$ cat protein-v8.txt   # compact mmCIF, C-alpha atoms
# COMPACT_ATOMS: atom_id res chain seq x y z
CA SER A 1 -50.18 -16.17 35.73
CA MET A 2 -49.41 -14.14 38.84
CA ARG A 3 -51.65 -12.95 41.61
CA ARG A 4 -51.12 -11.10 44.88
CA VAL A 5 -52.11 -12.77 48.14
CA SER A 6 -53.53 -10.51 50.84
CA THR A 7 -51.99 -10.62 54.29
CA SER A 8 -55.47 -10.61 55.79
CA ALA A 9 -56.24 -14.07 54.42
CA SER A 10 -56.21 -16.88 56.95
CA ALA A 11 -55.75 -20.58 56.52
CA SER A 12 -58.78 -22.78 57.20
CA SER A 13 -58.39 -25.07 60.18
CA THR A 14 -59.79 -27.89 58.07
CA ASP A 15 -57.46 -27.31 55.14
CA VAL A 16 -54.37 -29.04 56.55
CA ALA A 17 -52.77 -29.09 53.13
CA ASP A 18 -52.75 -25.31 52.79
CA PRO A 19 -49.16 -24.55 51.68
CA LEU A 20 -49.44 -21.00 53.05
CA ALA A 21 -50.75 -21.85 56.53
CA ALA A 22 -47.41 -21.08 58.20
CA TYR A 23 -47.07 -17.92 56.14
CA HIS A 24 -50.46 -16.58 57.24
CA ALA A 25 -49.70 -17.45 60.86
CA HIS A 26 -46.41 -15.58 60.62
CA GLN A 27 -48.01 -12.48 59.07
CA LYS A 28 -50.63 -12.34 61.79
CA GLN A 29 -48.13 -12.24 64.66
CA ALA A 30 -45.25 -10.32 63.06
CA PRO A 31 -44.52 -7.11 65.00
CA ARG A 32 -45.41 -3.80 63.33
CA LEU A 33 -45.27 -0.17 64.35
CA PRO A 34 -48.14 1.01 66.56
CA MET A 35 -50.67 2.86 64.41
CA ALA A 36 -50.05 6.17 66.14
CA GLU A 37 -46.35 5.89 65.41
CA GLU A 38 -47.08 4.99 61.79
CA VAL A 39 -49.27 8.08 61.34
CA ARG A 40 -46.63 10.33 62.93
CA THR A 41 -44.01 8.77 60.66
CA LEU A 42 -46.08 9.33 57.52
CA ALA A 43 -46.61 12.93 58.59
CA SER A 44 -42.97 13.60 59.44
CA LEU A 45 -41.81 12.48 56.00
CA ALA A 46 -44.52 14.24 54.01
CA LYS A 47 -43.44 17.07 51.73
CA PHE A 48 -46.88 17.65 50.21
CA THR A 49 -50.42 17.08 51.40
CA VAL A 50 -53.95 17.08 50.08
CA LEU A 51 -55.49 19.94 52.04
CA CYS A 52 -59.26 19.69 52.36
CA THR A 53 -61.03 22.86 53.53
CA CYS A 54 -64.55 24.18 54.01
CA ASP A 55 -65.28 26.13 50.82
CA ALA A 56 -65.79 29.78 51.76
CA ALA A 57 -67.36 30.43 48.35
CA THR A 58 -70.33 28.15 49.01
CA PRO A 59 -73.48 30.11 48.06
CA SER A 60 -75.66 30.93 51.04
CA GLY A 61 -78.53 28.99 49.53
CA ASP A 62 -76.47 25.77 49.51
CA GLU A 63 -75.33 26.18 53.11
CA ASP A 64 -78.71 25.35 54.57
CA GLN A 65 -79.44 22.63 52.07
CA GLU A 66 -76.09 20.84 52.16
CA GLY A 67 -75.09 21.23 55.79
CA GLY A 68 -73.06 24.45 55.73
CA PHE A 69 -70.40 24.09 53.02
CA TRP A 70 -69.02 22.07 50.14
CA PRO A 71 -65.62 20.46 50.90
CA ALA A 72 -62.76 21.68 48.70
CA GLY A 73 -59.43 19.93 48.09
CA SER A 74 -56.04 21.24 46.99
CA VAL A 75 -52.40 20.12 47.04
CA THR A 76 -49.88 22.19 48.98
CA GLY A 77 -46.45 21.89 50.53
CA VAL A 78 -46.24 20.89 54.18
CA ALA A 79 -43.76 20.26 56.96
CA PHE A 80 -44.54 18.81 60.38
CA ASP A 81 -42.94 20.15 63.56
CA ASP A 82 -41.82 18.12 66.58
CA GLU A 83 -45.29 18.41 68.11
CA GLY A 84 -46.91 16.85 65.05
CA ARG A 85 -48.47 20.09 63.81
CA ALA A 86 -48.65 20.68 60.07
CA ILE A 87 -46.85 23.87 59.06
CA LEU A 88 -48.32 25.51 55.95
CA ALA A 89 -47.15 28.51 53.93
CA LEU A 90 -50.28 29.82 52.24
CA SER A 91 -50.88 32.69 49.85
CA SER A 92 -53.72 35.13 50.30
CA LEU A 93 -54.39 34.63 46.58
CA SER A 94 -55.34 30.98 47.15
CA SER A 95 -58.90 29.94 47.84
CA HIS A 96 -57.87 27.48 50.56
CA THR A 97 -56.34 30.36 52.53
CA ARG A 98 -59.64 32.23 52.48
CA ASP A 99 -61.38 29.00 53.48
CA LEU A 100 -59.19 28.63 56.59
CA GLU A 101 -59.61 32.26 57.57
CA ARG A 102 -63.37 31.72 57.53
CA ASP A 103 -63.45 28.21 59.01
CA ALA A 104 -60.41 26.70 60.76
CA ARG A 105 -61.56 23.13 60.20
CA CYS A 106 -59.57 21.16 57.64
CA SER A 107 -58.25 17.70 56.88
CA LEU A 108 -54.79 16.80 55.63
CA VAL A 109 -54.08 13.59 53.71
CA VAL A 110 -50.48 12.38 53.87
CA MET A 111 -49.16 9.43 51.87
CA ALA A 112 -46.13 7.16 51.91
CA GLY A 113 -43.25 8.24 49.69
CA GLY A 114 -43.67 6.94 46.16
CA PHE A 115 -47.38 6.33 46.74
CA ALA A 116 -48.63 4.29 43.79
CA GLY A 117 -51.89 2.65 44.84
CA VAL A 118 -54.11 1.16 47.52
CA SER A 119 -51.37 -1.13 48.85
CA ASP A 120 -49.41 1.95 50.03
CA ALA A 121 -49.94 3.67 53.37
CA ARG A 122 -51.87 6.92 53.80
CA ALA A 123 -53.52 8.79 56.64
CA SER A 124 -56.14 11.50 57.05
CA LEU A 125 -55.57 14.07 59.81
CA PRO A 126 -58.60 16.22 60.84
CA CYS A 127 -57.17 19.52 62.08
CA LYS A 128 -57.91 23.07 63.12
CA ALA A 129 -55.63 25.65 61.53
CA THR A 130 -54.31 28.76 63.24
CA LYS A 131 -52.65 31.73 61.53
CA LEU A 132 -49.25 32.43 63.10
CA GLU A 133 -47.61 35.78 63.82
CA GLY A 134 -44.31 37.04 65.29
CA ASP A 135 -42.02 34.46 66.91
CA ALA A 136 -44.43 31.63 66.17
CA ALA A 137 -44.35 32.47 62.46
CA ALA A 138 -40.54 32.70 62.52
CA ALA A 139 -40.31 29.26 64.15
CA ALA A 140 -42.73 27.83 61.58
CA ARG A 141 -40.61 29.28 58.78
CA GLU A 142 -37.54 27.42 60.09
CA VAL A 143 -39.44 24.14 60.21
CA TYR A 144 -40.79 24.57 56.69
CA LEU A 145 -37.51 25.62 55.10
CA LYS A 146 -35.73 22.64 56.63
CA ALA A 147 -38.08 20.40 54.61
CA HIS A 148 -38.24 22.76 51.60
CA PRO A 149 -34.87 24.57 51.43
CA ASP A 150 -35.58 26.06 48.00
CA ALA A 151 -38.95 27.57 48.89
CA PHE A 152 -37.77 31.19 48.60
CA TRP A 153 -41.30 32.27 47.74
CA VAL A 154 -42.49 31.86 51.35
CA ASP A 155 -41.07 35.32 52.03
CA PHE A 156 -43.26 36.97 49.41
CA GLY A 157 -45.70 39.50 50.86
CA ASP A 158 -48.85 37.53 50.08
CA PHE A 159 -47.76 34.46 52.11
CA SER A 160 -48.68 33.77 55.71
CA TRP A 161 -47.88 30.94 58.10
CA PHE A 162 -50.46 28.52 59.47
CA ALA A 163 -50.19 25.62 61.92
CA ALA A 164 -52.77 22.85 61.61
CA GLU A 165 -53.16 20.83 64.82
CA VAL A 166 -54.89 17.44 64.97
CA ALA A 167 -58.32 17.98 66.54
CA ARG A 168 -60.13 14.68 65.92
CA PRO A 169 -59.08 11.01 65.56
CA CYS A 170 -56.89 10.30 62.52
CA ARG A 171 -57.66 7.58 60.02
CA LEU A 172 -54.85 5.28 58.89
CA VAL A 173 -54.85 2.85 55.99
CA GLY A 174 -51.51 1.08 56.15
CA GLY A 175 -52.04 -1.09 53.09
CA PHE A 176 -54.01 -4.29 52.53
CA GLY A 177 -55.57 -5.59 55.76
CA ARG A 178 -54.28 -2.78 57.99
CA ALA A 179 -56.55 0.12 58.88
CA GLY A 180 -57.69 1.88 62.01
CA SER A 181 -58.19 5.07 63.98
CA VAL A 182 -55.66 6.98 66.09
CA SER A 183 -56.89 9.19 68.93
CA VAL A 184 -55.76 12.78 69.33
CA SER A 185 -53.85 11.94 72.51
CA ASP A 186 -52.12 8.90 71.00
CA TYR A 187 -51.09 10.96 67.99
CA ALA A 188 -49.68 13.69 70.23
CA SER A 189 -47.69 11.29 72.42
CA ALA A 190 -46.22 9.19 69.58
CA SER A 191 -42.92 9.91 67.83
CA PRO A 192 -41.86 9.34 64.22
CA ASP A 193 -39.94 6.15 63.49
CA PRO A 194 -36.17 6.91 63.71
CA VAL A 195 -35.02 4.79 60.74
CA LYS A 196 -37.87 5.25 58.27
CA PRO A 197 -36.04 8.15 56.55
CA PHE A 198 -33.37 5.65 55.47
CA ALA A 199 -35.83 3.18 53.92
CA GLY A 200 -35.42 4.49 50.37
CA PRO A 201 -31.63 4.28 50.07
CA VAL A 202 -31.30 1.04 52.05
CA CYS A 203 -34.03 -0.73 50.09
CA GLY A 204 -32.66 0.60 46.82
CA HIS A 205 -29.19 -0.71 47.61
CA MET A 206 -30.46 -4.12 48.71
CA ASN A 207 -32.67 -4.54 45.66
CA ALA A 208 -29.93 -3.48 43.25
CA ASP A 209 -27.04 -5.47 44.73
CA HIS A 210 -28.24 -8.00 47.32
CA SER A 211 -31.68 -9.27 46.33
CA GLU A 212 -30.50 -12.85 46.85
CA ALA A 213 -29.77 -12.03 50.50
CA THR A 214 -33.29 -10.66 50.95
CA ALA A 215 -34.70 -13.83 49.40
CA ALA A 216 -32.58 -16.00 51.72
CA ILE A 217 -33.74 -14.06 54.79
CA ALA A 218 -37.39 -14.41 53.77
CA SER A 219 -36.94 -18.12 52.98
CA GLU A 220 -35.52 -18.76 56.45
CA LEU A 221 -38.34 -16.87 58.11
CA ILE A 222 -41.46 -18.35 56.50
CA ASP A 223 -42.15 -21.98 55.80
CA LEU A 224 -42.94 -22.32 52.10
CA SER A 225 -42.15 -26.03 52.00
CA ALA A 226 -44.86 -26.70 49.41
CA SER A 227 -43.74 -23.84 47.24
CA SER A 228 -40.65 -22.37 45.68
CA LEU A 229 -39.58 -18.79 46.37
CA THR A 230 -38.20 -17.34 43.15
CA SER A 231 -37.42 -13.71 44.04
CA ALA A 232 -37.69 -11.10 46.77
CA ARG A 233 -37.80 -7.31 46.88
CA MET A 234 -37.37 -5.11 49.94
CA ASP A 235 -40.23 -2.57 49.83
CA SER A 236 -39.81 -0.64 53.07
CA LEU A 237 -38.49 -0.82 56.61
CA ASP A 238 -38.86 0.67 60.08
CA ARG A 239 -37.35 0.16 63.51
CA LEU A 240 -39.17 -3.15 64.06
CA GLY A 241 -38.62 -4.85 60.71
CA MET A 242 -38.83 -4.72 56.94
CA ASP A 243 -41.59 -5.30 54.42
CA VAL A 244 -40.63 -7.64 51.58
CA SER A 245 -42.51 -8.79 48.49
CA VAL A 246 -41.63 -12.34 47.48
CA VAL A 247 -42.63 -14.18 44.34
CA ALA A 248 -43.24 -17.85 44.95
CA ASP A 249 -44.64 -20.83 43.08
CA VAL A 250 -47.58 -22.19 45.04
CA GLY A 251 -49.40 -25.17 43.59
CA GLY A 252 -48.11 -24.39 40.13
CA GLU A 253 -49.22 -20.76 40.30
CA SER A 254 -46.89 -17.78 40.66
CA VAL A 255 -48.05 -15.53 43.52
CA THR A 256 -46.69 -12.37 45.10
CA LEU A 257 -46.66 -12.50 48.89
CA PRO A 258 -46.08 -9.46 51.13
CA VAL A 259 -43.89 -10.66 53.99
CA ARG A 260 -43.23 -8.84 57.25
CA VAL A 261 -39.65 -9.59 58.36
CA PRO A 262 -38.98 -8.55 61.99
CA TRP A 263 -35.52 -7.54 63.13
CA PRO A 264 -33.94 -9.59 65.95
CA ARG A 265 -33.99 -6.35 67.97
CA PRO A 266 -35.22 -2.80 67.28
CA ALA A 267 -33.12 -0.56 65.04
CA GLU A 268 -32.47 3.01 66.17
CA SER A 269 -30.04 4.20 63.49
CA ARG A 270 -28.87 3.55 59.93
CA ALA A 271 -25.82 1.78 61.36
CA ASP A 272 -28.16 -0.56 63.25
CA LEU A 273 -29.92 -1.40 59.98
CA LYS A 274 -26.66 -2.45 58.34
CA THR A 275 -25.65 -4.54 61.36
CA LEU A 276 -29.00 -6.32 61.53
CA ILE A 277 -29.16 -7.05 57.78
CA VAL A 278 -25.62 -8.47 57.83
CA GLU A 279 -26.48 -10.64 60.86
CA MET A 280 -29.65 -11.97 59.25
CA THR A 281 -27.88 -12.60 55.93
CA LYS A 282 -25.19 -14.67 57.70
CA SER A 283 -27.84 -16.57 59.67
CA ALA A 284 -29.80 -17.35 56.51
CA ALA A 285 -26.64 -18.53 54.75
CA ALA A 286 -25.75 -20.79 57.69
CA THR A 287 -29.26 -22.24 57.70
CA ALA A 288 -29.09 -22.92 53.96
CA THR A 289 -25.67 -24.58 54.33
CA ALA A 290 -26.88 -26.77 57.18
CA ALA A 291 -29.94 -27.81 55.17
CA ALA A 292 -27.77 -28.64 52.15
CA ASN A 293 -25.38 -30.71 54.30
CA GLN A 294 -28.29 -32.55 55.86
CA SER A 295 -29.71 -33.32 52.44
CA THR A 296 -26.34 -34.56 51.21
CA SER A 297 -25.89 -36.79 54.27
CA LYS A 298 -29.34 -38.24 53.78
CA GLU A 299 -28.65 -38.99 50.13
CA GLU A 300 -25.34 -40.67 51.03
CA ALA A 301 -27.06 -42.76 53.70
CA ASN A 302 -29.69 -43.88 51.22
CA THR A 303 -27.00 -44.78 48.69
CA GLU A 304 -25.11 -46.88 51.23
CA SER A 305 -28.27 -48.70 52.28
CA GLU A 306 -28.87 -49.70 48.70
$ encode --input "protein-v8.txt" --output "structure tokens"
Amino acid sequence: SMRRVSTSASASSTDVADPLAAYHAHQKQAPRLPMAEEVRTLASLAKFTVLCTCDAATPSGDEDQEGGFWPAGSVTGVAFDDEGRAILALSSLSSHTRDLERDARCSLVVMAGGFAGVSDARASLPCKATKLEGDAAAAAREVYLKAHPDAFWVDFGDFSWFAAEVARPCRLVGGFGRAGSVSVSDYASASPDPVKPFAGPVCGHMNADHSEATAAIASELIDLSASSLTSARMDSLDRLGMDVSVVADVGGESVTLPVRVPWPRPAESRADLKTLIVEMTKSAAATATAAANQSTSKEEANTESE
């Protein structure tokens, strides 16, 4: 059977035989992106968002009883500008447009690419939306079409441009054991990760052609002396490191372990990623060779002593 081990688990100080003690210690101290940077990165890569608005169609009788409105959710295209504002092209025919014209408060949910479940990152951004005109609308159009080059319909007469600016602390869930709040000021001052856009192609290439190198790098990094690592898959990466899922045999049970693998130094470009992966692959190979030679020498010494 196979089970997934959470990174939030910690080894008991009294359980000295815990085969994953070193692993848990590594996971706890491994460097990760600051939460504000992670939220800005999720936003910068988002092509679509769950837009939650204050339902303008709420009957007046419900307003007093339920606190003013019923929340309404929809899915719409989005692009984020350099200031971290969400740019939206909204039709006057859509209910969420009427909602925003009545009440500027809204919340946008952005998710990691390929979002498949609770282990994947997502963030909620509470915003206030403003309808744009003139030069501001023209600038918003450029931002949106850069992310959605085929969105010819934004020039239809019923569409208008809106900018949604973060107005309250954002909520981030970065996967198992990683969650927190990001202040408005921290969100505004952070920048998107420079290499995250390359995560898909780099991880795809490594998983298709060099999975053994990923396994070797992970094996060198974490001490699984009481277990046997059988496979490794690169899930994602950023400027500080990569996220790898390894399958290992621990106490006779096959478990999947999420492993944070830090780079020796920060990566600022796709070229840096290639250089760092090659360096770490060579280092892991050298470590494996040295361990094999040491084992051989020990066996020869034992044979001679007999």
$ residues_around --input "protein-v8.txt" --residues "Val118 of chain A" --least-positions-apart "6" --cutoff "12 Å" --atoms "all atoms listed in the file" --output "ChimeraX atom specification"
/A:111-112,173-179
$ write_last_selection --input "protein-v8.txt" --atoms "C-alpha atoms" --output "mmCIF file, in the coordinates of the input"
data_model
loop_
_atom_site.group_PDB
_atom_site.id
_atom_site.type_symbol
_atom_site.label_atom_id
_atom_site.label_comp_id
_atom_site.auth_asym_id
_atom_site.auth_seq_id
_atom_site.Cartn_x
_atom_site.Cartn_y
_atom_site.Cartn_z
ATOM 1 C CA MET A 111 -49.160 9.430 51.870
ATOM 2 C CA ALA A 112 -46.130 7.160 51.910
ATOM 3 C CA VAL A 173 -54.850 2.850 55.990
ATOM 4 C CA GLY A 174 -51.510 1.080 56.150
ATOM 5 C CA GLY A 175 -52.040 -1.090 53.090
ATOM 6 C CA PHE A 176 -54.010 -4.290 52.530
ATOM 7 C CA GLY A 177 -55.570 -5.590 55.760
ATOM 8 C CA ARG A 178 -54.280 -2.780 57.990
ATOM 9 C CA ALA A 179 -56.550 0.120 58.880
#
$ atom_distance --input "protein-v8.txt" --atom1 "atom CA of Ala267 of chain A" --atom2 "atom CA of Gly180 of chain A"
24.9 Å
$ residues_around --input "protein-v8.txt" --residues "Ser231 of chain A" --least-positions-apart "2" --cutoff "12 Å" --atoms "all atoms listed in the file" --output "ChimeraX atom specification"
/A:207,210-219,228-229,233-234,244-249,254-258
$ closest_residue --input "protein-v8.txt" --among "A:Gly134, A:Ala86, A:Tyr144, A:Leu33" --to "Pro266 of chain A" --atoms "all atoms listed in the file"
A:Leu33
$ closest_residue --input "protein-v8.txt" --among "A:Arg239, A:His148, A:Lys131, A:Lys282" --to "Phe198 of chain A" --atoms "only C-alpha atoms"
A:Arg239
$ residues_near_point --input "protein-v8.txt" --point "(-54.7, 29.6, 51.4)" --cutoff "12 Å" --atoms "all atoms listed in the file" --output "PyMOL selection string"
chain A and resi 51-56+72-77+88-104+106+129-131+158-162
$ atom_distance --input "protein-v8.txt" --atom1 "atom CA of Asp150 of chain A" --atom2 "atom CA of Leu42 of chain A"
21.9 Å
$ closest_residue --input "protein-v8.txt" --among "A:Ser191, A:Asp243, A:Met206, A:Ser124" --to "Val278 of chain A" --atoms "all atoms listed in the file"
A:Met206
$ atom_distance --input "protein-v8.txt" --atom1 "atom CA of Arg270 of chain A" --atom2 "atom CA of Lys28 of chain A"
27.0 Å
$ closest_residue --input "protein-v8.txt" --among "A:Trp263, A:Phe115, A:Phe69, A:Tyr187" --to "Ala167 of chain A" --atoms "all atoms listed in the file"
A:Tyr187
$ closest_residue --input "protein-v8.txt" --among "A:Val109, A:Leu132, A:Ala139, A:Val259" --to "Phe48 of chain A" --atoms "all atoms listed in the file"
A:Val109
